[in-house]
Structure formats: structure tokens, C-alpha cells
file entry_26.txt (compact mmCIF, C-alpha atoms)
# COMPACT_ATOMS: atom_id res chain seq x y z
CA MET A 8 -29.34 -3.82 44.89
CA SER A 9 -26.85 -1.00 45.36
CA PRO A 10 -23.58 -1.01 43.44
CA ASP A 11 -20.33 -1.72 45.21
CA PRO A 12 -18.61 1.59 46.15
CA SER A 13 -15.54 0.48 44.21
CA THR A 14 -17.59 0.52 40.99
CA LYS A 15 -18.88 4.10 41.28
CA ASN A 16 -16.91 5.09 38.16
CA SER A 17 -18.18 2.14 36.10
CA ARG A 18 -21.42 3.66 34.77
CA GLY A 19 -22.03 2.08 31.38
CA SER A 20 -19.93 -1.01 32.00
CA LEU A 21 -21.28 -4.48 31.29
CA GLU A 22 -20.07 -7.83 32.58
CA VAL A 23 -21.59 -11.03 31.26
CA GLU A 24 -20.16 -13.99 33.16
CA SER A 25 -20.62 -17.61 32.00
CA VAL A 26 -24.19 -17.04 30.81
CA SER A 27 -26.16 -19.90 29.27
CA LYS A 28 -29.67 -20.03 27.83
CA LYS A 29 -31.79 -22.82 26.38
CA ARG A 30 -35.03 -22.71 24.45
CA GLY A 31 -36.60 -26.06 25.07
CA SER A 32 -33.80 -28.59 24.61
CA VAL A 33 -31.78 -26.32 22.29
CA ALA A 34 -28.81 -24.45 23.75
CA VAL A 35 -29.01 -20.89 22.35
CA LEU A 36 -26.12 -19.53 24.45
CA GLU A 37 -23.40 -21.65 26.06
CA ASN A 38 -21.16 -20.27 28.79
CA VAL A 39 -20.84 -16.80 27.21
CA SER A 40 -18.66 -14.16 28.88
CA LEU A 41 -18.31 -10.59 27.67
CA ASP A 42 -16.92 -7.39 29.17
CA VAL A 43 -17.80 -3.91 27.89
CA ARG A 44 -16.06 -0.81 29.20
CA PRO A 45 -17.90 2.45 29.90
CA GLY A 46 -18.39 4.51 26.74
CA GLU A 47 -17.57 1.71 24.30
CA PHE A 48 -19.46 0.94 21.11
CA VAL A 49 -19.54 -2.86 21.01
CA THR A 50 -21.15 -4.89 18.24
CA LEU A 51 -22.44 -8.47 18.43
CA LEU A 52 -21.85 -9.78 14.91
CA GLY A 53 -22.95 -13.03 13.33
CA PRO A 54 -25.50 -14.78 11.12
CA SER A 55 -29.11 -15.47 12.07
CA GLY A 56 -29.42 -18.02 14.85
CA CYS A 57 -25.97 -17.46 16.36
CA GLY A 58 -27.37 -16.11 19.66
CA LYS A 59 -26.61 -12.41 19.35
CA THR A 60 -30.20 -11.16 19.82
CA THR A 61 -30.76 -13.62 22.67
CA LEU A 62 -27.70 -12.20 24.44
CA LEU A 63 -29.04 -8.67 23.97
CA ARG A 64 -32.43 -9.70 25.38
CA LEU A 65 -30.77 -11.24 28.43
CA VAL A 66 -28.90 -7.99 29.10
CA ALA A 67 -32.16 -6.05 28.67
CA GLY A 68 -34.00 -8.39 31.05
CA LEU A 69 -36.52 -9.39 28.38
CA ASP A 70 -35.49 -13.03 28.89
CA ALA A 71 -34.12 -14.74 31.99
CA VAL A 72 -30.74 -16.46 32.09
CA ASP A 73 -30.57 -20.18 32.87
CA SER A 74 -27.18 -19.80 34.52
CA GLY A 75 -24.48 -17.17 34.88
CA ARG A 76 -24.42 -13.53 35.94
CA ILE A 77 -24.98 -10.12 34.32
CA SER A 78 -23.79 -6.84 35.83
CA VAL A 79 -24.51 -3.34 34.51
CA SER A 80 -22.58 -0.36 35.86
CA GLY A 81 -21.24 -2.50 38.68
CA THR A 82 -24.67 -3.73 39.80
CA ASP A 83 -25.79 -7.35 39.53
CA VAL A 84 -28.96 -7.20 37.42
CA THR A 85 -29.30 -10.93 36.73
CA SER A 86 -32.61 -11.19 38.59
CA MET A 87 -33.71 -7.56 38.16
CA ASP A 88 -36.91 -6.77 36.24
CA ALA A 89 -36.39 -5.25 32.80
CA HIS A 90 -37.98 -1.88 33.66
CA LEU A 91 -35.61 -1.43 36.61
CA ARG A 92 -32.40 -2.00 34.65
CA PRO A 93 -30.42 1.10 33.57
CA VAL A 94 -30.57 0.03 29.91
CA HIS A 95 -32.93 0.76 27.04
CA THR A 96 -33.47 -1.08 23.76
CA VAL A 97 -34.09 0.23 20.24
CA PHE A 98 -35.64 -2.47 18.06
CA GLN A 99 -35.56 -2.94 14.29
CA SER A 100 -39.27 -2.11 14.02
CA TYR A 101 -38.90 1.14 16.06
CA ALA A 102 -42.32 0.34 17.65
CA LEU A 103 -43.48 3.95 17.56
CA PHE A 104 -47.04 4.66 18.72
CA PRO A 105 -48.87 5.70 15.51
CA HIS A 106 -51.53 7.74 17.36
CA LEU A 107 -48.94 9.88 19.22
CA THR A 108 -46.88 12.76 17.89
CA VAL A 109 -43.09 12.60 17.72
CA PHE A 110 -42.97 14.64 20.94
CA GLU A 111 -45.36 12.34 22.79
CA ASN A 112 -43.58 9.22 21.55
CA VAL A 113 -40.34 10.51 23.05
CA ALA A 114 -42.08 11.75 26.21
CA PHE A 115 -43.91 8.47 26.82
CA GLY A 116 -41.37 6.88 29.13
CA LEU A 117 -40.96 10.04 31.19
CA ARG A 118 -44.72 10.37 31.66
CA ILE A 119 -44.94 6.73 32.78
CA ARG A 120 -42.32 7.59 35.41
CA GLY A 121 -44.41 10.52 36.62
CA ARG A 122 -41.99 13.31 35.67
CA GLY A 123 -43.24 16.89 35.79
CA GLU A 124 -44.28 18.70 32.64
CA ASP A 125 -41.40 21.19 32.72
CA GLU A 126 -38.85 18.37 33.02
CA VAL A 127 -40.59 16.41 30.25
CA ARG A 128 -40.47 19.34 27.83
CA LEU A 129 -36.84 20.12 28.62
CA ARG A 130 -35.62 16.55 28.29
CA VAL A 131 -37.64 15.76 25.16
CA ALA A 132 -36.35 18.90 23.47
CA SER A 133 -32.78 17.93 24.38
CA ALA A 134 -33.26 14.35 23.11
CA LEU A 135 -34.77 15.52 19.82
CA ALA A 136 -31.94 18.00 19.35
CA SER A 137 -29.35 15.27 19.93
CA VAL A 138 -30.75 13.32 16.96
CA HIS A 139 -31.37 16.43 14.79
CA LEU A 140 -35.16 16.32 14.85
CA GLU A 141 -35.90 19.86 16.01
CA GLY A 142 -39.13 21.19 14.53
CA LEU A 143 -40.71 17.77 13.92
CA ASP A 144 -42.15 17.31 17.40
CA HIS A 145 -45.80 17.79 16.32
CA ARG A 146 -45.71 15.37 13.39
CA ALA A 147 -47.19 11.88 13.47
CA PRO A 148 -44.99 8.84 12.73
CA ALA A 149 -46.77 8.44 9.38
CA GLU A 150 -45.61 11.94 8.39
CA ILE A 151 -41.88 11.33 8.77
CA SER A 152 -39.34 9.25 6.82
CA GLY A 153 -37.90 5.89 7.81
CA GLY A 154 -34.63 7.48 8.85
CA GLN A 155 -36.44 10.06 10.95
CA GLY A 156 -38.50 7.30 12.55
CA GLN A 157 -35.32 5.53 13.51
CA ARG A 158 -34.05 8.72 15.13
CA VAL A 159 -37.32 9.15 17.05
CA ALA A 160 -36.81 5.66 18.45
CA LEU A 161 -33.28 6.64 19.46
CA ALA A 162 -34.52 9.84 21.11
CA ARG A 163 -37.19 7.90 23.00
CA ALA A 164 -34.45 5.68 24.41
CA LEU A 165 -31.96 8.47 25.11
CA VAL A 166 -34.48 10.67 26.95
CA LEU A 167 -34.50 8.07 29.75
CA GLU A 168 -30.73 8.55 30.19
CA PRO A 169 -29.80 4.85 30.16
CA ASP A 170 -26.34 3.69 31.19
CA ILE A 171 -26.32 1.40 28.15
CA LEU A 172 -28.25 1.70 24.88
CA LEU A 173 -29.02 -1.66 23.25
CA LEU A 174 -29.60 -1.61 19.48
CA ASP A 175 -31.19 -4.67 17.87
CA GLU A 176 -30.49 -4.30 14.12
CA PRO A 177 -31.96 -0.76 14.13
CA LEU A 178 -30.87 -0.01 10.56
CA ALA A 179 -31.99 -3.23 8.88
CA ALA A 180 -35.28 -1.78 7.59
CA LEU A 181 -33.61 1.17 5.85
CA ASP A 182 -32.47 1.25 2.22
CA ALA A 183 -28.74 0.93 1.53
CA GLN A 184 -28.01 4.64 1.04
CA LEU A 185 -29.91 5.73 4.16
CA ARG A 186 -28.39 2.89 6.17
CA SER A 187 -24.91 4.14 5.29
CA SER A 188 -25.65 7.71 6.40
CA MET A 189 -27.36 6.51 9.59
CA ARG A 190 -24.28 4.47 10.50
CA SER A 191 -22.25 7.65 10.53
CA GLU A 192 -24.91 9.41 12.58
CA LEU A 193 -24.96 6.59 15.12
CA VAL A 194 -21.20 6.79 15.58
CA GLN A 195 -21.26 10.58 15.94
CA LEU A 196 -24.17 10.39 18.39
CA GLN A 197 -22.44 7.78 20.53
CA ARG A 198 -19.22 9.77 20.64
CA SER A 199 -20.97 13.03 21.50
CA LEU A 200 -23.06 11.48 24.29
CA GLY A 201 -20.41 9.13 25.66
CA ILE A 202 -23.06 6.48 26.37
CA THR A 203 -22.20 2.80 25.99
CA PHE A 204 -23.82 1.37 22.83
CA ILE A 205 -24.24 -2.35 22.17
CA LEU A 206 -25.34 -3.13 18.62
CA VAL A 207 -26.62 -6.39 17.16
CA THR A 208 -26.07 -6.85 13.42
CA HIS A 209 -25.24 -9.38 10.72
CA ASP A 210 -23.73 -6.61 8.56
CA LEU A 211 -19.91 -6.72 8.57
CA GLU A 212 -19.51 -3.21 7.14
CA GLU A 213 -21.82 -1.82 9.83
CA ALA A 214 -19.86 -3.58 12.58
CA ILE A 215 -16.48 -2.39 11.33
CA GLU A 216 -17.58 1.22 10.81
CA CYS A 217 -19.36 1.63 14.14
CA SER A 218 -17.49 -0.42 16.71
CA SER A 219 -14.68 0.03 19.15
CA ARG A 220 -14.80 -3.76 19.62
CA ILE A 221 -16.65 -6.57 17.86
CA ALA A 222 -17.81 -9.84 19.41
CA VAL A 223 -18.17 -12.40 16.61
CA MET A 224 -20.73 -15.01 17.62
CA ARG A 225 -21.04 -18.60 16.46
CA GLU A 226 -23.60 -21.17 17.59
CA GLY A 227 -24.19 -19.58 20.99
CA ARG A 228 -20.57 -18.77 21.76
CA ILE A 229 -18.20 -15.87 21.19
CA ALA A 230 -15.73 -16.96 18.53
CA GLN A 231 -13.54 -13.83 18.72
CA TYR A 232 -13.67 -10.48 20.52
CA GLY A 233 -11.48 -7.54 19.63
CA PRO A 234 -11.10 -4.24 17.76
CA PRO A 235 -12.43 -4.15 14.17
CA GLU A 236 -8.94 -4.12 12.64
CA GLU A 237 -7.99 -7.24 14.61
CA ILE A 238 -11.17 -9.09 13.63
CA PHE A 239 -10.66 -8.20 9.97
CA GLU A 240 -6.88 -8.53 9.61
CA LYS A 241 -6.26 -11.36 12.10
CA PRO A 242 -9.32 -13.61 12.29
CA SER A 243 -8.66 -16.41 14.75
CA SER A 244 -10.50 -19.20 12.93
CA VAL A 245 -11.76 -20.30 9.53
CA TYR A 246 -15.28 -19.32 10.64
CA VAL A 247 -14.31 -15.73 11.45
CA ALA A 248 -12.11 -15.49 8.35
CA ARG A 249 -15.03 -16.44 6.11
CA LEU A 250 -17.36 -14.07 7.98
CA VAL A 251 -15.04 -11.11 7.30
CA GLY A 252 -14.65 -12.09 3.66
CA MET A 253 -11.09 -13.44 3.65
CA GLU A 254 -10.76 -14.67 0.08
CA ASN A 255 -7.80 -17.05 0.36
CA ILE A 256 -8.09 -19.92 2.85
CA LEU A 257 -5.72 -22.77 2.02
CA ASP A 258 -4.49 -26.05 3.44
CA GLY A 259 -0.85 -26.19 4.45
CA ARG A 260 1.65 -28.64 5.90
CA VAL A 261 4.10 -27.66 8.63
CA VAL A 262 7.69 -28.40 7.55
CA SER A 263 9.50 -26.82 10.51
CA ARG A 264 8.86 -24.97 13.77
CA ASN A 265 10.79 -22.45 15.83
CA GLY A 266 8.83 -21.84 19.02
CA THR A 267 5.36 -20.65 18.01
CA THR A 268 6.51 -19.74 14.48
CA ALA A 269 6.09 -22.33 11.73
CA ARG A 270 7.25 -22.76 8.16
CA ILE A 271 4.31 -24.03 6.13
CA ASP A 272 4.28 -25.63 2.69
CA LEU A 273 1.29 -24.57 0.57
CA GLY A 274 2.28 -26.62 -2.46
CA PHE A 275 3.20 -23.65 -4.66
CA THR A 276 5.31 -21.84 -2.02
CA GLU A 277 6.37 -21.91 1.62
CA VAL A 278 5.22 -19.24 4.08
CA ARG A 279 6.19 -18.24 7.60
CA ILE A 280 3.35 -18.08 10.14
CA GLU A 281 3.61 -16.61 13.62
CA ALA A 282 1.43 -18.10 16.39
CA ALA A 283 0.71 -21.08 14.13
CA PRO A 284 -1.81 -23.73 15.24
CA PRO A 285 -0.12 -26.77 16.81
CA GLU A 286 -1.33 -29.30 14.24
CA GLU A 287 0.91 -30.54 11.44
CA THR A 288 -1.77 -29.84 8.81
CA VAL A 289 -3.15 -26.32 9.19
CA LYS A 290 -5.38 -23.75 7.52
CA VAL A 291 -3.80 -20.46 6.52
CA GLY A 292 -5.52 -17.31 5.31
CA LEU A 293 -4.69 -14.23 3.26
CA HIS A 294 -6.74 -11.17 2.29
CA GLY A 295 -6.77 -10.41 -1.41
CA GLU A 296 -5.67 -6.83 -0.67
CA HIS A 297 -2.25 -8.13 0.36
CA ILE A 298 -1.44 -9.43 -3.14
CA ARG A 299 -0.02 -7.10 -5.78
CA LEU A 300 0.17 -8.12 -9.44
CA SER A 301 2.69 -7.03 -12.05
CA ARG A 302 3.67 -8.25 -15.51
CA ALA A 303 7.39 -8.11 -14.80
CA GLY A 304 9.20 -9.76 -11.93
CA GLY A 305 10.44 -13.10 -10.78
CA GLY A 306 9.46 -15.33 -7.91
CA LEU A 307 5.87 -16.45 -7.66
CA ARG A 308 4.09 -16.29 -11.01
CA GLY A 309 0.62 -17.22 -12.21
CA THR A 310 -2.05 -16.77 -14.86
CA VAL A 311 -5.07 -14.51 -14.46
CA THR A 312 -8.18 -16.61 -15.14
CA ASP A 313 -10.98 -14.16 -14.28
CA VAL A 314 -11.38 -10.42 -13.64
CA ARG A 315 -14.33 -8.75 -11.91
CA TYR A 316 -14.74 -4.99 -11.45
CA LEU A 317 -16.19 -4.23 -7.98
CA GLY A 318 -16.00 -0.44 -7.93
CA GLU A 319 -13.42 0.16 -5.19
CA ALA A 320 -11.28 -2.77 -6.38
CA THR A 321 -10.83 -5.23 -9.22
CA ARG A 322 -10.99 -8.86 -8.11
CA CYS A 323 -8.65 -11.17 -10.01
CA GLN A 324 -8.50 -14.95 -9.91
CA VAL A 325 -4.91 -16.06 -10.46
CA ARG A 326 -3.95 -19.66 -11.08
CA VAL A 327 -0.66 -20.54 -9.37
CA GLY A 328 0.26 -24.17 -9.93
CA ALA A 329 -2.74 -26.21 -8.81
CA THR A 330 -4.07 -23.39 -6.60
CA THR A 331 -6.26 -20.37 -7.38
CA LEU A 332 -5.58 -17.18 -5.41
CA ILE A 333 -7.81 -14.10 -5.25
CA ALA A 334 -6.11 -10.70 -5.56
CA ASN A 335 -7.95 -7.41 -5.06
CA VAL A 336 -6.09 -4.73 -6.98
CA SER A 337 -6.71 -1.07 -7.77
CA PRO A 338 -9.36 -0.56 -10.47
CA ARG A 339 -6.85 1.74 -12.19
CA GLU A 340 -4.65 -1.27 -12.96
CA VAL A 341 -5.33 -2.87 -16.33
CA VAL A 342 -5.53 -6.62 -15.79
CA ARG A 343 -7.12 -9.08 -18.21
CA ALA A 344 -7.90 -12.77 -18.17
CA GLY A 345 -5.00 -14.68 -19.71
CA ASP A 346 -2.29 -12.29 -18.45
CA GLU A 347 0.85 -13.89 -17.06
CA VAL A 348 1.66 -12.03 -13.84
CA ALA A 349 4.08 -11.95 -10.93
CA LEU A 350 2.51 -12.05 -7.46
CA ASP A 351 4.04 -9.91 -4.73
CA ILE A 352 2.55 -10.96 -1.40
CA GLU A 353 3.09 -8.62 1.54
CA GLU A 354 5.44 -9.98 4.18
CA ASN A 355 3.78 -11.47 7.29
CA SER A 356 0.31 -11.18 5.75
CA TRP A 357 -0.44 -14.93 5.87
CA ILE A 358 -2.08 -15.96 9.15
CA GLY A 359 -2.79 -19.31 10.79
CA LEU A 360 -6.43 -20.21 11.38
CA ARG A 361 -8.07 -22.56 13.84
CA PRO A 362 -10.68 -24.92 12.34
call {"tool": "encode", "arguments": {"input": "entry_26.txt", "output": "C-alpha cells"}}
result
Amino acid sequence: MSPDPSTKNSRGSLEVESVSKKRGSVAVLENVSLDVRPGEFVTLLGPSGCGKTTLLRLVAGLDAVDSGRISVSGTDVTSMDAHLRPVHTVFQSYALFPHLTVFENVAFGLRIRGRGEDEVRLRVASALASVHLEGLDHRAPAEISGGQGQRVALARALVLEPDILLLDEPLAALDAQLRSSMRSELVQLQRSLGITFILVTHDLEEAIECSSRIAVMREGRIAQYGPPEEIFEKPSSVYVARLVGMENILDGRVVSRNGTTARIDLGFTEVRIEAAPPEETVKVGLHGEHIRLSRAGGGLRGTVTDVRYLGEATRCQVRVGATTLIANVSPREVVRAGDEVALDIEENSWIGLRP
């Protein structure tokens, strides 16, 4: 099917419209909609079983949708065979051919498509250069490192010039240090090429570092979709707040409202919440980074009950009345269990959370 002329500038866009998928009697995806703009780096984030890999497979054409519509670069691909779609997938296992050299692994797709030898050599050399693998073209997969293998898999996908590159947990098999460096390489590669990347991961740090937008998935649905800073600082629900590591999630009671702003009693203090949920009993959340501790000062006071050094921060449990709050303070601050402290909570840092 040819794209609509009005979408000629939409190469790399993705539209998922009300897509559902069952496996047997189990609904894996339910009425999922997602839009991705050309050149974005979008991450599908969530725990195992939330539907993120299934959604990626539906976009790739590796599974068929039960209902709904998928468009890539302005073309409806819902019923299109996988090999005809302008997308390519890099899997966690890399799936390199062990009997082929790095060059031939990357060239494989071009040879299947019947491209001439001169074009093959030119495009493979360009793809290997883009992932910094010049000079390794004659090696076998067994003769290169895990990180290099991951880059060969990327080059094999990029050489086919896909509109969208799909990445199914491609860094999960790497050790922590290599995974961190490869995240940076992925981001730099995506920016230099300008190709739309869609990444599946359960790693929050990976999602935040790589993405222009994150789709948080929960039980076959998208729980929240937005830029990393929005997902982290303003999670929309208790589920998303816990996924991004929000340490303080408390029950509150609404004592007054002014439009969408509510005054909420937490037992030990009252806080003002914008865009508060409509219920009279609500959940509110606060990141530990928004609490500062000092020995002097009035207002809200508490007792430090536990201190844990985490490297970039020191995590302190502070008992305030009948409630325990978590504060993440600079490791340069000297805080000990038993200290009486004043808590300075940044203004407007409490947020309302849906169940």
C-alpha cells in the first residue's frame, strides 16, 4: 500500500491505534494507542509480562494484531508481512551467524535482497563505521566482545536503512559497566543518524538516559506516556511512582478544595496539591531528593532512625509523628541515626497520585 501524499514527510513515524492482542484467553494488550514522531527515541518501560515486547513484535509484524491499526511512516502496515515493513529489530541475543564473519553478518540482509557487490561493500563499510567497528570485518563472532557483538547486530539492522529501529532489551546480556557505556553509544548513534528508535526495557536508568519519551506499561496498557523528566518528577499513579522509585507515598485526606487544587492533611502536616484526584481520601507522593535536613530550624521536625550510604546520596529514614519519610541528602552531609532534624520540603514538590 502506498502512503498518503500528505504523509510524505512522516518517515519514521509510528501510530498504534486501539491495538489489542490475546494469547489464548489472556489479554496481553488491551486497546493500546501510541504515537511516535519521526526521529524520536521512545522507550517502552515496565516489568516482565506488562506487554512491552508483545507491542514491539506487533509493530515488527512478528505477531498479528487481534484488533486495531498500526501505521509506519504514514503507511498502514497492520496486515503487511514482517519482511516488507520498513522496520528492523535488534534482539537481546543478537542472533549473529557464528559461521559468518562480521562483514558477512552485516551484509546478509543486503545479499538476500539481491544487492550488487559494490553496493554491499559500500553500505556495510558505512554501517560498521557508524558503530565504530572499522577493522573488525573479517573476525568471527566468537572473536569479538559482547559489546562489539551488540554493535554488529546494530550495524546489521542499520545497513537495511529502516525507517524505525526496534530494540528488544539489546543491552540486557551485558555487564553493568559495559551496559552503561553502550547506553551512551546508543543515544549518540540515534542522534547522529536521526532514525526513530523504539527500545524495550525494564531498566529505569536506561529509559531515562536514552529516551525522548517513555511509555510506561502496566498489564497490557499504557499507564503514562511523556518525557523522562515528567515520568520521574510527576508520575500519574501509584504504580508509576513506585516504578520510578518514589520513596514517599502516603495517604492523605482532603480538607478543602479550590478548583483543581486541594489542601490535604497527611497527619503530621498539611500540603497543597495541584491537579489533585477527585476523591476525598487520596495518595500523595514525594521524591526523597526534595527533602533537606538540618539540625537547626523550626517547622516540621523529626528523628533520624536509619542512615544508608548509596554513593551519590545518603538515604535517611526520618520519623515524623507516626510517619516515616525518606530523605536523600548529599553524602557530604554528616547525618547519624538518633539526630533530631528539621525537614525543609521544597514547595510544590508533593504530587497527587491515582490508585
call {"tool": "atom_distance", "arguments": {"input": "entry_26.txt", "atom1": "CA of Val311 (chain A)", "atom2": "CA of Val348 (chain A)"}}
result
7.2 Å
call {"tool": "closest_atom_pairs", "arguments": {"input": "entry_26.txt", "of": "region 165-222 of chain A", "to": "region 76-89 of chain A", "cutoff": "12 Å", "atoms": "all atoms listed in the file", "output": "CSV"}}
result
residue,atom,partner,partner_atom,distance
A:Pro169,CA,A:Ser80,CA,10.6
A:Asp170,CA,A:Ser80,CA,7.2
A:Ile171,CA,A:Val79,CA,8.1
A:Leu172,CA,A:Val79,CA,11.5
A:Ile202,CA,A:Ser80,CA,11.7
A:Thr203,CA,A:Ser80,CA,10.4
call {"tool": "residues_around", "arguments": {"input": "entry_26.txt", "residues": "region 302-304 of chain A", "least_positions_apart": "3", "cutoff": "10 Å", "atoms": "only C-alpha atoms", "output": "VMD selection string"}}
result
chain A and resid 307 to 308 342 346 to 351
call {"tool": "write_last_selection", "arguments": {"input": "entry_26.txt", "atoms": "C-alpha atoms", "output": "tab-separated table (two decimals), in the frame of the given file"}}
result
chain	number	residue	atom	x	y	z
A	307	LEU	CA	5.87	-16.45	-7.66
A	308	ARG	CA	4.09	-16.29	-11.01
A	342	VAL	CA	-5.53	-6.62	-15.79
A	346	ASP	CA	-2.29	-12.29	-18.45
A	347	GLU	CA	0.85	-13.89	-17.06
A	348	VAL	CA	1.66	-12.03	-13.84
A	349	ALA	CA	4.08	-11.95	-10.93
A	350	LEU	CA	2.51	-12.05	-7.46
A	351	ASP	CA	4.04	-9.91	-4.73
call {"tool": "atom_distance", "arguments": {"input": "entry_26.txt", "atom1": "CA of Ser199 (chain A)", "atom2": "CA of Ala132 (chain A)"}}
result
16.6 Å
call {"tool": "residues_around", "arguments": {"input": "entry_26.txt", "residues": "region 139-149 of chain A", "least_positions_apart": "5", "cutoff": "12 Å", "atoms": "only C-alpha atoms", "output": "VMD selection string"}}
result
chain A and resid 101 to 114 128 131 to 134 154 to 163 189 192 to 193 195 to 196
call {"tool": "closest_residue", "arguments": {"input": "entry_26.txt", "among": "A:Asp73, A:Glu212, A:Glu126, A:Glu150", "to": "Val166 (chain A)", "atoms": "all atoms listed in the file"}}
result
A:Glu126
call {"tool": "residues_near_point", "arguments": {"input": "entry_26.txt", "point": "(-5.3, -12.4, -4.0)", "cutoff": "8 Å", "atoms": "all atoms listed in the file", "output": "MDAnalysis selection string"}}
result
chainID A and resid 254:255 293:299 322:325 332:335
call {"tool": "closest_residue", "arguments": {"input": "entry_26.txt", "among": "A:Gly58, A:Gly31, A:Gly19, A:Gly292", "to": "Val43 (chain A)", "atoms": "all atoms listed in the file"}}
result
A:Gly19
